[in-house]
>>> print(open('protein.pdb').read())   # PDB, C-alpha atoms
ATOM      1  CA  MET A   1       0.000   0.000   0.000
ATOM      2  CA  GLY A   2       1.509   3.307  -1.106
ATOM      3  CA  THR A   3       1.539   6.677   0.621
ATOM      4  CA  LYS A   4      -1.518   7.904  -1.290
ATOM      5  CA  ALA A   5      -3.498   4.826  -0.247
ATOM      6  CA  TYR A   6      -2.510   5.315   3.396
ATOM      7  CA  LYS A   7      -3.526   8.966   3.218
ATOM      8  CA  ALA A   8      -6.880   7.982   1.753
ATOM      9  CA  LEU A   9      -7.335   5.382   4.516
ATOM     10  CA  PHE A  10      -6.475   7.925   7.222
ATOM     11  CA  MET A  11      -8.893  10.419   5.679
ATOM     12  CA  VAL A  12     -11.747   7.882   5.603
ATOM     13  CA  ILE A  13     -11.121   6.806   9.203
ATOM     14  CA  GLY A  14     -10.824  10.445  10.208
ATOM     15  CA  ILE A  15     -14.050  11.556   8.556
ATOM     16  CA  ILE A  16     -16.013   8.622  10.012
ATOM     17  CA  SER A  17     -14.563   9.112  13.506
ATOM     18  CA  LEU A  18     -15.057  12.867  13.355
ATOM     19  CA  GLY A  19     -18.656  12.394  12.266
ATOM     20  CA  TYR A  20     -19.293  10.018  15.155
ATOM     21  CA  MET A  21     -17.552  12.381  17.559
ATOM     22  CA  ILE A  22     -19.762  15.297  16.486
ATOM     23  CA  TYR A  23     -22.885  13.088  16.516
ATOM     24  CA  SER A  24     -22.163  11.693  19.994
ATOM     25  CA  THR A  25     -21.553  15.197  21.367
ATOM     26  CA  GLY A  26     -24.453  16.788  19.480
ATOM     27  CA  LEU A  27     -24.402  19.888  17.291
ATOM     28  CA  THR A  28     -26.750  21.703  19.667
ATOM     29  CA  VAL A  29     -24.545  20.887  22.659
ATOM     30  CA  ILE A  30     -21.442  22.012  20.762
ATOM     31  CA  TRP A  31     -22.986  25.340  19.771
ATOM     32  CA  GLU A  32     -24.445  26.023  23.236
ATOM     33  CA  ASN A  33     -21.119  25.363  24.938
ATOM     34  CA  VAL A  34     -19.174  27.489  22.444
ATOM     35  CA  GLN A  35     -21.590  30.333  23.220
ATOM     36  CA  LYS A  36     -21.285  29.682  26.950
ATOM     37  CA  THR A  37     -17.478  29.743  26.734
ATOM     38  CA  GLY A  38     -17.635  32.979  24.756
ATOM     39  CA  ILE A  39     -14.433  34.868  24.072
ATOM     40  CA  TRP A  40     -12.534  32.421  26.312
ATOM     41  CA  PHE A  41     -12.761  29.868  23.488
ATOM     42  CA  VAL A  42     -10.163  31.895  21.548
ATOM     43  CA  PRO A  43      -7.350  31.451  24.143
ATOM     44  CA  VAL A  44      -8.401  27.802  24.581
ATOM     45  CA  MET A  45      -7.765  27.226  20.870
ATOM     46  CA  GLY A  46      -4.697  29.453  20.877
ATOM     47  CA  SER A  47      -3.082  27.584  23.749
ATOM     48  CA  TRP A  48      -3.079  24.461  21.597
ATOM     49  CA  LEU A  49      -1.520  26.265  18.670
ATOM     50  CA  LEU A  50       1.316  27.188  21.036
ATOM     51  CA  ILE A  51       1.492  23.574  22.242
ATOM     52  CA  TYR A  52       1.761  22.251  18.688
ATOM     53  CA  ILE A  53       4.454  24.825  17.861
ATOM     54  CA  LEU A  54       6.506  23.629  20.851
ATOM     55  CA  ASN A  55       5.884  19.996  19.822
ATOM     56  CA  ALA A  56       7.142  20.849  16.334
ATOM     57  CA  PHE A  57      10.290  22.490  17.756
ATOM     58  CA  ALA A  58      10.963  19.293  19.742
ATOM     59  CA  PHE A  59      10.309  17.066  16.698
ATOM     60  CA  ARG A  60      12.432  19.193  14.352
ATOM     61  CA  ALA A  61      15.343  19.261  16.812
ATOM     62  CA  ILE A  62      15.391  15.445  16.733
ATOM     63  CA  ILE A  63      15.097  15.241  12.941
ATOM     64  CA  ARG A  64      17.853  17.715  12.095
ATOM     65  CA  GLU A  65      21.474  16.557  11.941
ATOM     66  CA  PRO A  66      24.269  18.845  10.658
ATOM     67  CA  GLU A  67      25.862  16.013   8.646
ATOM     68  CA  LEU A  68      22.565  15.249   6.895
ATOM     69  CA  PRO A  69      21.496  18.297   4.834
ATOM     70  CA  GLU A  70      18.331  16.486   3.760
ATOM     71  CA  SER A  71      17.182  16.444   7.397
ATOM     72  CA  ASN A  72      16.975  20.245   7.515
ATOM     73  CA  LEU A  73      13.233  20.314   6.862
ATOM     74  CA  SER A  74      11.308  23.554   7.074
ATOM     75  CA  PHE A  75       9.520  24.319  10.333
ATOM     76  CA  TRP A  76       6.186  24.455   8.469
ATOM     77  CA  ALA A  77       6.651  20.901   7.170
ATOM     78  CA  VAL A  78       7.325  19.582  10.680
ATOM     79  CA  LEU A  79       4.455  21.599  12.182
ATOM     80  CA  ARG A  80       2.095  20.177   9.561
ATOM     81  CA  LEU A  81       3.177  16.619  10.371
ATOM     82  CA  THR A  82       2.848  17.355  14.078
ATOM     83  CA  ILE A  83      -0.729  18.626  13.869
ATOM     84  CA  SER A  84      -1.951  16.048  11.355
ATOM     85  CA  GLY A  85      -0.251  13.197  13.238
ATOM     86  CA  TYR A  86      -1.954  14.138  16.487
ATOM     87  CA  ALA A  87      -5.290  14.474  14.665
ATOM     88  CA  ILE A  88      -4.929  10.839  13.573
ATOM     89  CA  ASN A  89      -3.956   9.839  17.118
ATOM     90  CA  TYR A  90      -7.148  11.401  18.468
ATOM     91  CA  ILE A  91      -9.410   9.381  16.201
ATOM     92  CA  THR A  92      -7.799   5.944  16.399
ATOM     93  CA  PRO A  93      -7.986   3.312  19.146
ATOM     94  CA  PHE A  94      -4.806   2.860  21.205
ATOM     95  CA  VAL A  95      -4.128   6.588  21.291
ATOM     96  CA  ALA A  96      -0.674   7.841  20.226
ATOM     97  CA  LEU A  97      -0.102   5.003  17.754
ATOM     98  CA  GLY A  98      -2.188   5.881  14.695
ATOM     99  CA  GLY A  99      -0.251   8.969  13.625
ATOM    100  CA  GLU A 100       3.197   7.431  13.791
ATOM    101  CA  PRO A 101       3.037   5.304  10.580
ATOM    102  CA  TYR A 102       1.658   8.365   8.772
ATOM    103  CA  ARG A 103       4.590  10.515   9.899
ATOM    104  CA  ILE A 104       7.097   7.848   8.876
ATOM    105  CA  LEU A 105       5.539   7.575   5.416
ATOM    106  CA  GLU A 106       5.602  11.353   4.979
ATOM    107  CA  LEU A 107       9.237  11.659   6.081
ATOM    108  CA  LYS A 108      10.498   8.620   4.158
ATOM    109  CA  PRO A 109      11.002  10.346   0.759
ATOM    110  CA  ALA A 110      13.208  13.037   2.339
ATOM    111  CA  LEU A 111      15.027  11.055   5.024
ATOM    112  CA  GLY A 112      14.941   7.396   4.011
ATOM    113  CA  ILE A 113      13.148   4.680   5.976
ATOM    114  CA  GLN A 114      15.746   4.281   8.761
ATOM    115  CA  LYS A 115      16.093   7.972   9.592
ATOM    116  CA  ALA A 116      12.347   8.562   9.250
ATOM    117  CA  THR A 117      11.533   5.622  11.537
ATOM    118  CA  SER A 118      14.109   6.506  14.183
ATOM    119  CA  SER A 119      13.085  10.197  14.168
ATOM    120  CA  VAL A 120       9.407   9.367  14.686
ATOM    121  CA  LEU A 121      10.182   6.773  17.358
ATOM    122  CA  LEU A 122      12.539   9.166  19.153
ATOM    123  CA  TYR A 123       9.953  11.934  19.140
ATOM    124  CA  SER A 124       7.228   9.566  20.385
ATOM    125  CA  LEU A 125       9.530   8.424  23.191
ATOM    126  CA  MET A 126      10.323  12.051  24.057
ATOM    127  CA  HIS A 127       6.610  12.901  24.074
ATOM    128  CA  MET A 128       5.880  10.036  26.489
ATOM    129  CA  PHE A 129       8.967  10.689  28.617
ATOM    130  CA  SER A 130       7.938  14.325  29.106
ATOM    131  CA  HIS A 131       4.494  13.084  30.148
ATOM    132  CA  VAL A 132       6.056  10.903  32.855
ATOM    133  CA  LEU A 133       8.170  13.825  34.097
ATOM    134  CA  PHE A 134       5.073  16.051  34.094
ATOM    135  CA  TRP A 135       3.203  13.490  36.199
ATOM    136  CA  LEU A 136       6.123  13.288  38.639
ATOM    137  CA  ALA A 137       6.219  17.082  38.994
ATOM    138  CA  SER A 138       2.437  17.130  39.438
ATOM    139  CA  ILE A 139       2.574  14.522  42.207
ATOM    140  CA  LEU A 140       4.994  16.725  44.126
ATOM    141  CA  LEU A 141       2.663  19.694  43.548
ATOM    142  CA  ILE A 142      -0.345  17.677  44.763
ATOM    143  CA  VAL A 143       1.448  16.700  47.972
ATOM    144  CA  ALA A 144       2.439  20.328  48.556
ATOM    145  CA  VAL A 145      -0.943  21.935  47.762
ATOM    146  CA  VAL A 146      -3.809  19.453  48.253
ATOM    147  CA  PRO A 147      -4.924  18.253  51.714
ATOM    148  CA  LEU A 148      -4.469  14.484  51.428
ATOM    149  CA  SER A 149      -5.904  11.590  53.377
ATOM    150  CA  ASN A 150      -3.653   8.647  54.189
ATOM    151  CA  VAL A 151      -5.172   6.659  51.306
ATOM    152  CA  MET A 152      -4.548   9.464  48.788
ATOM    153  CA  LEU A 153      -1.036   9.960  50.144
ATOM    154  CA  ALA A 154      -0.334   6.254  49.657
ATOM    155  CA  GLY A 155      -1.721   6.488  46.138
ATOM    156  CA  CYS A 156       0.604   9.385  45.370
ATOM    157  CA  GLY A 157       3.488   7.293  46.703
ATOM    158  CA  VAL A 158       2.606   4.410  44.386
ATOM    159  CA  LEU A 159       2.331   6.765  41.403
ATOM    160  CA  LEU A 160       5.647   8.386  42.321
ATOM    161  CA  VAL A 161       7.442   5.035  42.422
ATOM    162  CA  THR A 162       5.744   3.972  39.159
ATOM    163  CA  GLY A 163       6.828   7.230  37.497
ATOM    164  CA  LEU A 164      10.416   6.818  38.670
ATOM    165  CA  VAL A 165      10.503   3.247  37.345
ATOM    166  CA  LEU A 166       9.137   4.410  33.983
ATOM    167  CA  GLY A 167      11.678   7.243  33.904
ATOM    168  CA  TYR A 168      14.482   4.746  34.530
ATOM    169  CA  TRP A 169      13.133   2.555  31.702
ATOM    170  CA  PHE A 170      13.086   5.499  29.286
ATOM    171  CA  ILE A 171      16.706   6.400  30.088
ATOM    172  CA  ASN A 172      17.737   2.770  29.438
ATOM    173  CA  VAL A 173      15.906   2.860  26.117
ATOM    174  CA  TYR A 174      17.793   6.009  25.144
ATOM    175  CA  LYS A 175      21.073   4.348  26.136
ATOM    176  CA  LYS A 176      20.527   0.999  24.377
ATOM    177  CA  GLY A 177      17.621   1.345  21.941
ATOM    178  CA  PHE A 178      14.572  -0.882  22.053
ATOM    179  CA  THR A 179      13.494  -2.115  18.619
ATOM    180  CA  VAL A 180      15.731  -5.216  18.582
ATOM    181  CA  SER A 181      14.897  -6.124  22.192
ATOM    182  CA  THR A 182      11.180  -5.583  21.506
ATOM    183  CA  PHE A 183      11.198  -8.062  18.620
ATOM    184  CA  ARG A 184      13.172 -10.547  20.714
ATOM    185  CA  LEU A 185      10.370 -10.311  23.261
ATOM    186  CA  LEU A 186       7.688 -10.671  20.565
ATOM    187  CA  GLU A 187       9.407 -13.842  19.346
ATOM    188  CA  LYS A 188       8.342 -15.469  22.627
ATOM    189  CA  VAL A 189       4.669 -14.477  22.343
ATOM    190  CA  PRO A 190       2.314 -17.244  21.104
ATOM    191  CA  PHE A 191       0.539 -16.766  17.762
ATOM    192  CA  ILE A 192       2.828 -13.920  16.603
ATOM    193  CA  LYS A 193       6.291 -15.287  17.421
ATOM    194  CA  THR A 194       6.842 -16.820  13.961
ATOM    195  CA  ARG A 195       5.954 -13.629  12.101
ATOM    196  CA  ALA A 196       7.958 -11.531  14.554
ATOM    197  CA  ARG A 197      11.022 -13.740  14.014
ATOM    198  CA  GLU A 198      10.652 -13.573  10.219
ATOM    199  CA  PHE A 199      10.290  -9.777  10.303
ATOM    200  CA  ALA A 200      13.290  -9.396  12.645
ATOM    201  CA  LEU A 201      15.497 -11.563  10.435
ATOM    202  CA  LYS A 202      14.419  -9.800   7.252
ATOM    203  CA  ASN A 203      14.887  -6.303   8.727
ATOM    204  CA  ALA A 204      17.759  -6.973  11.153
ATOM    205  CA  GLU A 205      20.019  -4.323   9.636
ATOM    206  CA  ASN A 206      17.312  -1.650   9.730
ATOM    207  CA  LEU A 207      16.369  -2.503  13.324
ATOM    208  CA  TYR A 208      19.982  -2.250  14.506
ATOM    209  CA  GLU A 209      20.411   1.043  12.638
ATOM    210  CA  VAL A 210      17.260   2.486  14.254
ATOM    211  CA  ASP A 211      18.520   1.432  17.702
ATOM    212  CA  GLU A 212      21.885   3.037  16.959
ATOM    213  CA  GLN A 213      20.239   6.349  16.034
ATOM    214  CA  ILE A 214      18.202   6.211  19.262
ATOM    215  CA  ARG A 215      21.388   5.647  21.259
ATOM    216  CA  VAL A 216      23.245   8.450  19.463
ATOM    217  CA  LEU A 217      20.628  11.053  20.450
ATOM    218  CA  TYR A 218      21.301  10.529  24.166
ATOM    219  CA  ALA A 219      25.005   9.701  23.982
ATOM    220  CA  GLU A 220      26.291  12.148  21.351
ATOM    221  CA  ARG A 221      23.553  14.750  20.840
ATOM    222  CA  ARG A 222      22.852  15.478  24.495
ATOM    223  CA  ASN A 223      22.112  19.177  23.887
ATOM    224  CA  VAL A 224      19.435  18.211  21.337
ATOM    225  CA  PHE A 225      18.032  15.628  23.764
ATOM    226  CA  TYR A 226      17.586  18.206  26.535
ATOM    227  CA  ALA A 227      16.285  20.900  24.178
ATOM    228  CA  SER A 228      13.627  18.552  22.810
ATOM    229  CA  LEU A 229      12.698  17.414  26.328
ATOM    230  CA  PHE A 230      12.404  21.049  27.451
ATOM    231  CA  TYR A 231      10.050  21.920  24.570
ATOM    232  CA  GLU A 232       7.861  18.899  25.304
ATOM    233  CA  PHE A 233       7.725  19.511  29.064
ATOM    234  CA  LEU A 234       6.884  23.182  28.476
ATOM    235  CA  ALA A 235       4.104  22.122  26.095
ATOM    236  CA  ARG A 236       2.705  19.817  28.804
ATOM    237  CA  THR A 237       2.716  22.683  31.281
ATOM    238  CA  ILE A 238       1.008  25.090  28.884
ATOM    239  CA  GLY A 239      -1.661  22.415  28.347
ATOM    240  CA  CYS A 240      -3.160  23.326  31.732
ATOM    241  CA  LEU A 241      -4.137  26.761  30.399
ATOM    242  CA  GLU A 242      -7.131  25.465  28.450
ATOM    243  CA  ILE A 243      -8.610  24.118  31.702
ATOM    244  CA  PHE A 244      -7.764  27.393  33.453
ATOM    245  CA  PHE A 245      -9.431  29.469  30.684
ATOM    246  CA  THR A 246     -12.490  27.197  30.496
ATOM    247  CA  ALA A 247     -12.982  27.276  34.266
ATOM    248  CA  HIS A 248     -12.895  31.074  34.297
ATOM    249  CA  ALA A 249     -15.392  31.189  31.415
ATOM    250  CA  ILE A 250     -18.035  29.792  33.793
ATOM    251  CA  GLY A 251     -16.909  31.818  36.779
ATOM    252  CA  LEU A 252     -15.084  28.968  38.493
ATOM    253  CA  GLU A 253     -12.264  30.414  40.587
ATOM    254  CA  MET A 254      -9.310  28.186  39.746
ATOM    255  CA  SER A 255      -5.639  28.933  40.378
ATOM    256  CA  LEU A 256      -2.876  27.981  37.951
ATOM    257  CA  SER A 257      -1.581  25.368  40.405
ATOM    258  CA  GLN A 258      -5.065  23.839  40.597
ATOM    259  CA  SER A 259      -5.308  23.806  36.803
ATOM    260  CA  LEU A 260      -1.972  21.968  36.649
ATOM    261  CA  ILE A 261      -3.243  19.350  39.093
ATOM    262  CA  VAL A 262      -6.556  18.958  37.246
ATOM    263  CA  SER A 263      -4.771  18.706  33.881
ATOM    264  CA  SER A 264      -2.307  16.113  35.163
ATOM    265  CA  GLY A 265      -4.923  14.108  37.069
ATOM    266  CA  SER A 266      -7.386  13.920  34.184
ATOM    267  CA  SER A 267      -4.564  13.076  31.776
ATOM    268  CA  LEU A 268      -3.356  10.262  34.022
ATOM    269  CA  PHE A 269      -6.858   8.822  34.294
ATOM    270  CA  ALA A 270      -7.414   9.011  30.515
ATOM    271  CA  ASN A 271      -4.084   7.324  29.782
ATOM    272  CA  LEU A 272      -4.799   4.492  32.199
ATOM    273  CA  ILE A 273      -7.771   3.687  29.924
ATOM    274  CA  PHE A 274      -5.884   4.486  26.727
ATOM    275  CA  PHE A 275      -7.700   2.024  24.459
ATOM    276  CA  PHE A 276     -10.843   4.153  24.148
ATOM    277  CA  PRO A 277     -10.911   5.920  20.762
ATOM    278  CA  MET A 278     -11.052   9.690  21.240
ATOM    279  CA  GLN A 279     -10.974   8.968  25.030
ATOM    280  CA  LEU A 280     -14.779   8.971  25.003
ATOM    281  CA  GLY A 281     -16.072   9.293  28.564
ATOM    282  CA  THR A 282     -12.705   8.796  30.233
ATOM    283  CA  ARG A 283     -11.645  12.459  30.149
ATOM    284  CA  GLU A 284     -14.879  13.701  31.706
ATOM    285  CA  GLY A 285     -14.565  11.161  34.518
ATOM    286  CA  GLY A 286     -10.941  12.112  35.087
ATOM    287  CA  LEU A 287     -11.806  15.822  35.157
ATOM    288  CA  ALA A 288     -14.583  15.246  37.715
ATOM    289  CA  LEU A 289     -12.249  13.293  40.010
ATOM    290  CA  ALA A 290      -9.444  15.849  39.622
ATOM    291  CA  LEU A 291     -11.745  18.809  40.299
ATOM    292  CA  ARG A 292     -13.062  17.124  43.442
ATOM    293  CA  SER A 293      -9.501  16.487  44.666
ATOM    294  CA  VAL A 294      -8.723  20.239  44.651
ATOM    295  CA  GLY A 295     -12.019  21.177  46.320
ATOM    296  CA  LEU A 296     -13.893  22.339  43.222
ATOM    297  CA  PRO A 297     -17.356  21.142  42.043
ATOM    298  CA  ALA A 298     -16.962  17.813  40.245
ATOM    299  CA  ALA A 299     -20.037  18.535  38.118
ATOM    300  CA  GLN A 300     -18.147  21.284  36.278
ATOM    301  CA  GLY A 301     -15.936  18.559  34.835
ATOM    302  CA  ILE A 302     -18.706  17.801  32.340
ATOM    303  CA  PHE A 303     -18.686  21.341  30.924
ATOM    304  CA  ILE A 304     -14.881  21.520  30.849
ATOM    305  CA  GLY A 305     -14.789  18.095  29.181
ATOM    306  CA  ILE A 306     -17.241  19.193  26.475
ATOM    307  CA  VAL A 307     -15.233  22.341  25.723
ATOM    308  CA  LEU A 308     -12.048  20.247  25.493
ATOM    309  CA  ARG A 309     -13.900  17.872  23.173
ATOM    310  CA  ILE A 310     -14.945  20.786  20.946
ATOM    311  CA  ARG A 311     -11.348  22.004  20.854
ATOM    312  CA  GLU A 312     -10.291  18.523  19.755
ATOM    313  CA  ILE A 313     -12.925  18.490  16.998
ATOM    314  CA  VAL A 314     -11.676  21.827  15.623
ATOM    315  CA  TRP A 315      -8.022  20.711  15.638
ATOM    316  CA  ILE A 316      -8.936  17.320  14.141
ATOM    317  CA  ILE A 317     -10.614  19.143  11.245
ATOM    318  CA  ILE A 318      -7.477  21.271  10.796
ATOM    319  CA  GLY A 319      -5.252  18.180  11.036
ATOM    320  CA  LEU A 320      -7.269  16.208   8.488
ATOM    321  CA  ALA A 321      -7.126  19.171   6.097
ATOM    322  CA  LEU A 322      -3.328  19.224   6.472
ATOM    323  CA  ILE A 323      -3.099  15.516   5.555
ATOM    324  CA  THR A 324      -4.014  16.422   1.993
ATOM    325  CA  LYS A 325      -0.974  18.693   1.712
ATOM    326  CA  LYS A 326       1.987  17.082   0.000
ATOM    327  CA  VAL A 327       5.518  17.374   1.363
ATOM    328  CA  LYS A 328       7.573  18.985  -1.393
ATOM    329  CA  VAL A 329      10.977  17.684  -0.474
ATOM    330  CA  LYS A 330      13.033  19.784  -2.883
ATOM    331  CA  GLU A 331      11.481  22.993  -1.609
ATOM    332  CA  GLU A 332      11.902  22.060   2.039
ATOM    333  CA  VAL A 333      15.481  20.810   1.999
ATOM    334  CA  VAL A 334      18.118  23.449   2.610
ATOM    335  CA  LEU A 335      21.517  22.354   1.366
ATOM    336  CA  GLN A 336      24.431  23.367   3.545
TER     337      GLN A 336
END
>>> encode(input="protein.pdb", output="structure tokens")
Amino acid sequence: MGTKAYKALFMVIGIISLGYMIYSTGLTVIWENVQKTGIWFVPVMGSWLLIYILNAFAFRAIIREPELPESNLSFWAVLRLTISGYAINYITPFVALGGEPYRILELKPALGIQKATSSVLLYSLMHMFSHVLFWLASILLIVAVVPLSNVMLAGCGVLLVTGLVLGYWFINVYKKGFTVSTFRLLEKVPFIKTRAREFALKNAENLYEVDEQIRVLYAERRNVFYASLFYEFLARTIGCLEIFFTAHAIGLEMSLSQSLIVSSGSSLFANLIFFFPMQLGTREGGLALALRSVGLPAAQGIFIGIVLRIREIVWIIIGLALITKKVKVKEEVVLQ
């Protein structure tokens, strides 16, 4: 299946999912809540433009290598892939997986399959690693700000240990790679072990090369590693602003620290149930629990969740529109 066929498939899935998303929310509900949010809907949307710009800076920093002139893609090209890739992630089950093959296919003509694959994998790892660090920082903030019962304190302790273990795993992945070891593990899984072994043998050279490029980022491009991590962590932090703006649109007095806690808590809950397409229902439940934890009315989580859903719908439409744009490699490569 070629790139055009994949794009067509993504577009079909996107249109169907978007239609269901709008139908399940309801056009009347969408319009009423946009009106209720009022002018605050502009900064809600704008905060995500800033988030995507920071994501694109992080992604582009990973892609670019001085010794590879073809990797010097324009910022617009990377921003387009960032927005459209996340749009696909929103509408597919097992969130954060659907957009990655699309990004690899789009980058392949300019970078080659190995560089395209390693760049996308490295950015996905960085995106997840920053999420873990954001959760860890949020746990410390929760302990410092929120009055906690012994049960909640124990829960924070468990999450803290889990986050530290995940952080340790990510650092090991950056030091050693993970594609070869992943396929070695898959070779032991019933029903898929034969196909996994055949794929690993056929693509052994590519897998080792991808792992080497993952290792090089942490070992030899440490400044790029930290710059990309900084952009991603900053984007996570700015993500709390949409909750802050939405809360103030309905007169809910919420501090920035509370919005950080609510953003982190609802995100954690949604990611624990990551297999729901478009996170239907999980975000609203997470928002209600997070609002209650900081002493705010849990019922307002429904309104905030709907506004966040509307924001997603708008950015999904933008992302799907950007899928139709073709990467013009010759125009985007700057020879050094």
>>> closest_residue(input="protein.pdb", among="A:Val189, A:Val145, A:Val132, A:Leu68", to="Tyr168 (chain A)", atoms="all atoms listed in the file")
A:Val132
>>> residues_around(input="protein.pdb", residues="Lys115 (chain A)", least_positions_apart="2", cutoff="9 Å", atoms="only C-alpha atoms", output="number ranges by chain")
A: 63, 71, 107-108, 111-113, 117-120, 209-210, 213
>>> residues_around(input="protein.pdb", residues="Arg292 (chain A)", least_positions_apart="6", cutoff="10 Å", atoms="all atoms listed in the file", output="PyMOL selection string")
chain A and resi 262+286+298-301
>>> residues_near_point(input="protein.pdb", point="(14.0, -11.6, 18.1)", cutoff="10 Å", atoms="only C-alpha atoms", output="list in words")
Thr179, Val180, Ser181, Thr182, Phe183, Arg184, Leu185, Leu186, Glu187, Lys188, Lys193, Thr194, Ala196, Arg197, Glu198, Phe199, Ala200, Leu201 and Ala204 of chain A
>>> resolve_selection(input="protein.pdb", expression="the PyMOL selection byres ((chain A and resi 235) around 10)", output="PDB file with C-alpha atoms, keeping the file's coordinate frame")
ATOM      1  CA  SER A  47      -3.082  27.584  23.749  1.00  0.00           C
ATOM      2  CA  TRP A  48      -3.079  24.461  21.597  1.00  0.00           C
ATOM      3  CA  LEU A  50       1.316  27.188  21.036  1.00  0.00           C
ATOM      4  CA  ILE A  51       1.492  23.574  22.242  1.00  0.00           C
ATOM      5  CA  TYR A  52       1.761  22.251  18.688  1.00  0.00           C
ATOM      6  CA  ILE A  53       4.454  24.825  17.861  1.00  0.00           C
ATOM      7  CA  LEU A  54       6.506  23.629  20.851  1.00  0.00           C
ATOM      8  CA  ASN A  55       5.884  19.996  19.822  1.00  0.00           C
ATOM      9  CA  ALA A  58      10.963  19.293  19.742  1.00  0.00           C
ATOM     10  CA  HIS A 127       6.610  12.901  24.074  1.00  0.00           C
ATOM     11  CA  SER A 130       7.938  14.325  29.106  1.00  0.00           C
ATOM     12  CA  HIS A 131       4.494  13.084  30.148  1.00  0.00           C
ATOM     13  CA  LEU A 229      12.698  17.414  26.328  1.00  0.00           C
ATOM     14  CA  PHE A 230      12.404  21.049  27.451  1.00  0.00           C
ATOM     15  CA  TYR A 231      10.050  21.920  24.570  1.00  0.00           C
ATOM     16  CA  GLU A 232       7.861  18.899  25.304  1.00  0.00           C
ATOM     17  CA  PHE A 233       7.725  19.511  29.064  1.00  0.00           C
ATOM     18  CA  LEU A 234       6.884  23.182  28.476  1.00  0.00           C
ATOM     19  CA  ARG A 236       2.705  19.817  28.804  1.00  0.00           C
ATOM     20  CA  THR A 237       2.716  22.683  31.281  1.00  0.00           C
ATOM     21  CA  ILE A 238       1.008  25.090  28.884  1.00  0.00           C
ATOM     22  CA  GLY A 239      -1.661  22.415  28.347  1.00  0.00           C
ATOM     23  CA  CYS A 240      -3.160  23.326  31.732  1.00  0.00           C
TER      24      CYS A 240
END
>>> closest_residue(input="protein.pdb", among="A:Met126, A:Val34, A:Ala116, A:Ala247", to="Tyr226 (chain A)", atoms="all atoms listed in the file")
A:Met126
>>> resolve_selection(input="protein.pdb", expression="the PyMOL selection byres ((chain A and resi 294) around 8)", output="number ranges by chain")
A: 146, 258, 261-262, 290-293, 295-296
>>> atom_distance(input="protein.pdb", atom1="CA of Leu122 (chain A)", atom2="CA of Ile171 (chain A)")
12.0 Å
>>> atom_distance(input="protein.pdb", atom1="CA of Phe244 (chain A)", atom2="CA of Pro43 (chain A)")
10.2 Å
>>> closest_residue(input="protein.pdb", among="A:Leu241, A:Ile192, A:Ala144, A:Leu133", to="Val165 (chain A)", atoms="all atoms listed in the file")
A:Leu133
>>> residues_near_point(input="protein.pdb", point="(-10.2, 25.4, 28.0)", cutoff="12 Å", atoms="only C-alpha atoms", output="VMD selection string")
chain A and resid 33 to 34 36 to 48 238 to 250 259 262 to 263 301 303 to 312
>>> decode(input="protein.pdb", residues="region 300-311 of chain A", atoms="N, CA and C atoms", output="PDB file, in the first residue's frame")
ATOM      1  N   GLN A 300     -18.675  20.402  37.316  1.00  0.00           N
ATOM      2  CA  GLN A 300     -18.147  21.284  36.278  1.00  0.00           C
ATOM      3  C   GLN A 300     -17.206  20.558  35.321  1.00  0.00           C
ATOM      4  N   GLY A 301     -16.782  19.351  35.716  1.00  0.00           N
ATOM      5  CA  GLY A 301     -15.936  18.559  34.835  1.00  0.00           C
ATOM      6  C   GLY A 301     -16.624  18.215  33.531  1.00  0.00           C
ATOM      7  N   ILE A 302     -17.949  18.113  33.563  1.00  0.00           N
ATOM      8  CA  ILE A 302     -18.706  17.801  32.340  1.00  0.00           C
ATOM      9  C   ILE A 302     -18.588  18.946  31.346  1.00  0.00           C
ATOM     10  N   PHE A 303     -18.787  20.182  31.817  1.00  0.00           N
ATOM     11  CA  PHE A 303     -18.686  21.341  30.924  1.00  0.00           C
ATOM     12  C   PHE A 303     -17.267  21.490  30.380  1.00  0.00           C
ATOM     13  N   ILE A 304     -16.282  21.393  31.289  1.00  0.00           N
ATOM     14  CA  ILE A 304     -14.881  21.520  30.849  1.00  0.00           C
ATOM     15  C   ILE A 304     -14.549  20.432  29.833  1.00  0.00           C
ATOM     16  N   GLY A 305     -15.038  19.207  30.100  1.00  0.00           N
ATOM     17  CA  GLY A 305     -14.789  18.095  29.181  1.00  0.00           C
ATOM     18  C   GLY A 305     -15.389  18.332  27.812  1.00  0.00           C
ATOM     19  N   ILE A 306     -16.588  18.916  27.760  1.00  0.00           N
ATOM     20  CA  ILE A 306     -17.241  19.193  26.475  1.00  0.00           C
ATOM     21  C   ILE A 306     -16.462  20.247  25.698  1.00  0.00           C
ATOM     22  N   VAL A 307     -16.017  21.293  26.395  1.00  0.00           N
ATOM     23  CA  VAL A 307     -15.233  22.341  25.723  1.00  0.00           C
ATOM     24  C   VAL A 307     -13.935  21.761  25.172  1.00  0.00           C
ATOM     25  N   LEU A 308     -13.279  20.893  25.959  1.00  0.00           N
ATOM     26  CA  LEU A 308     -12.048  20.247  25.493  1.00  0.00           C
ATOM     27  C   LEU A 308     -12.344  19.358  24.287  1.00  0.00           C
ATOM     28  N   ARG A 309     -13.504  18.706  24.306  1.00  0.00           N
ATOM     29  CA  ARG A 309     -13.900  17.872  23.173  1.00  0.00           C
ATOM     30  C   ARG A 309     -14.110  18.721  21.920  1.00  0.00           C
ATOM     31  N   ILE A 310     -14.733  19.895  22.084  1.00  0.00           N
ATOM     32  CA  ILE A 310     -14.945  20.786  20.946  1.00  0.00           C
ATOM     33  C   ILE A 310     -13.611  21.263  20.389  1.00  0.00           C
ATOM     34  N   ARG A 311     -12.692  21.603  21.293  1.00  0.00           N
ATOM     35  CA  ARG A 311     -11.348  22.004  20.854  1.00  0.00           C
ATOM     36  C   ARG A 311     -10.700  20.896  20.043  1.00  0.00           C
TER      37      ARG A 311
END
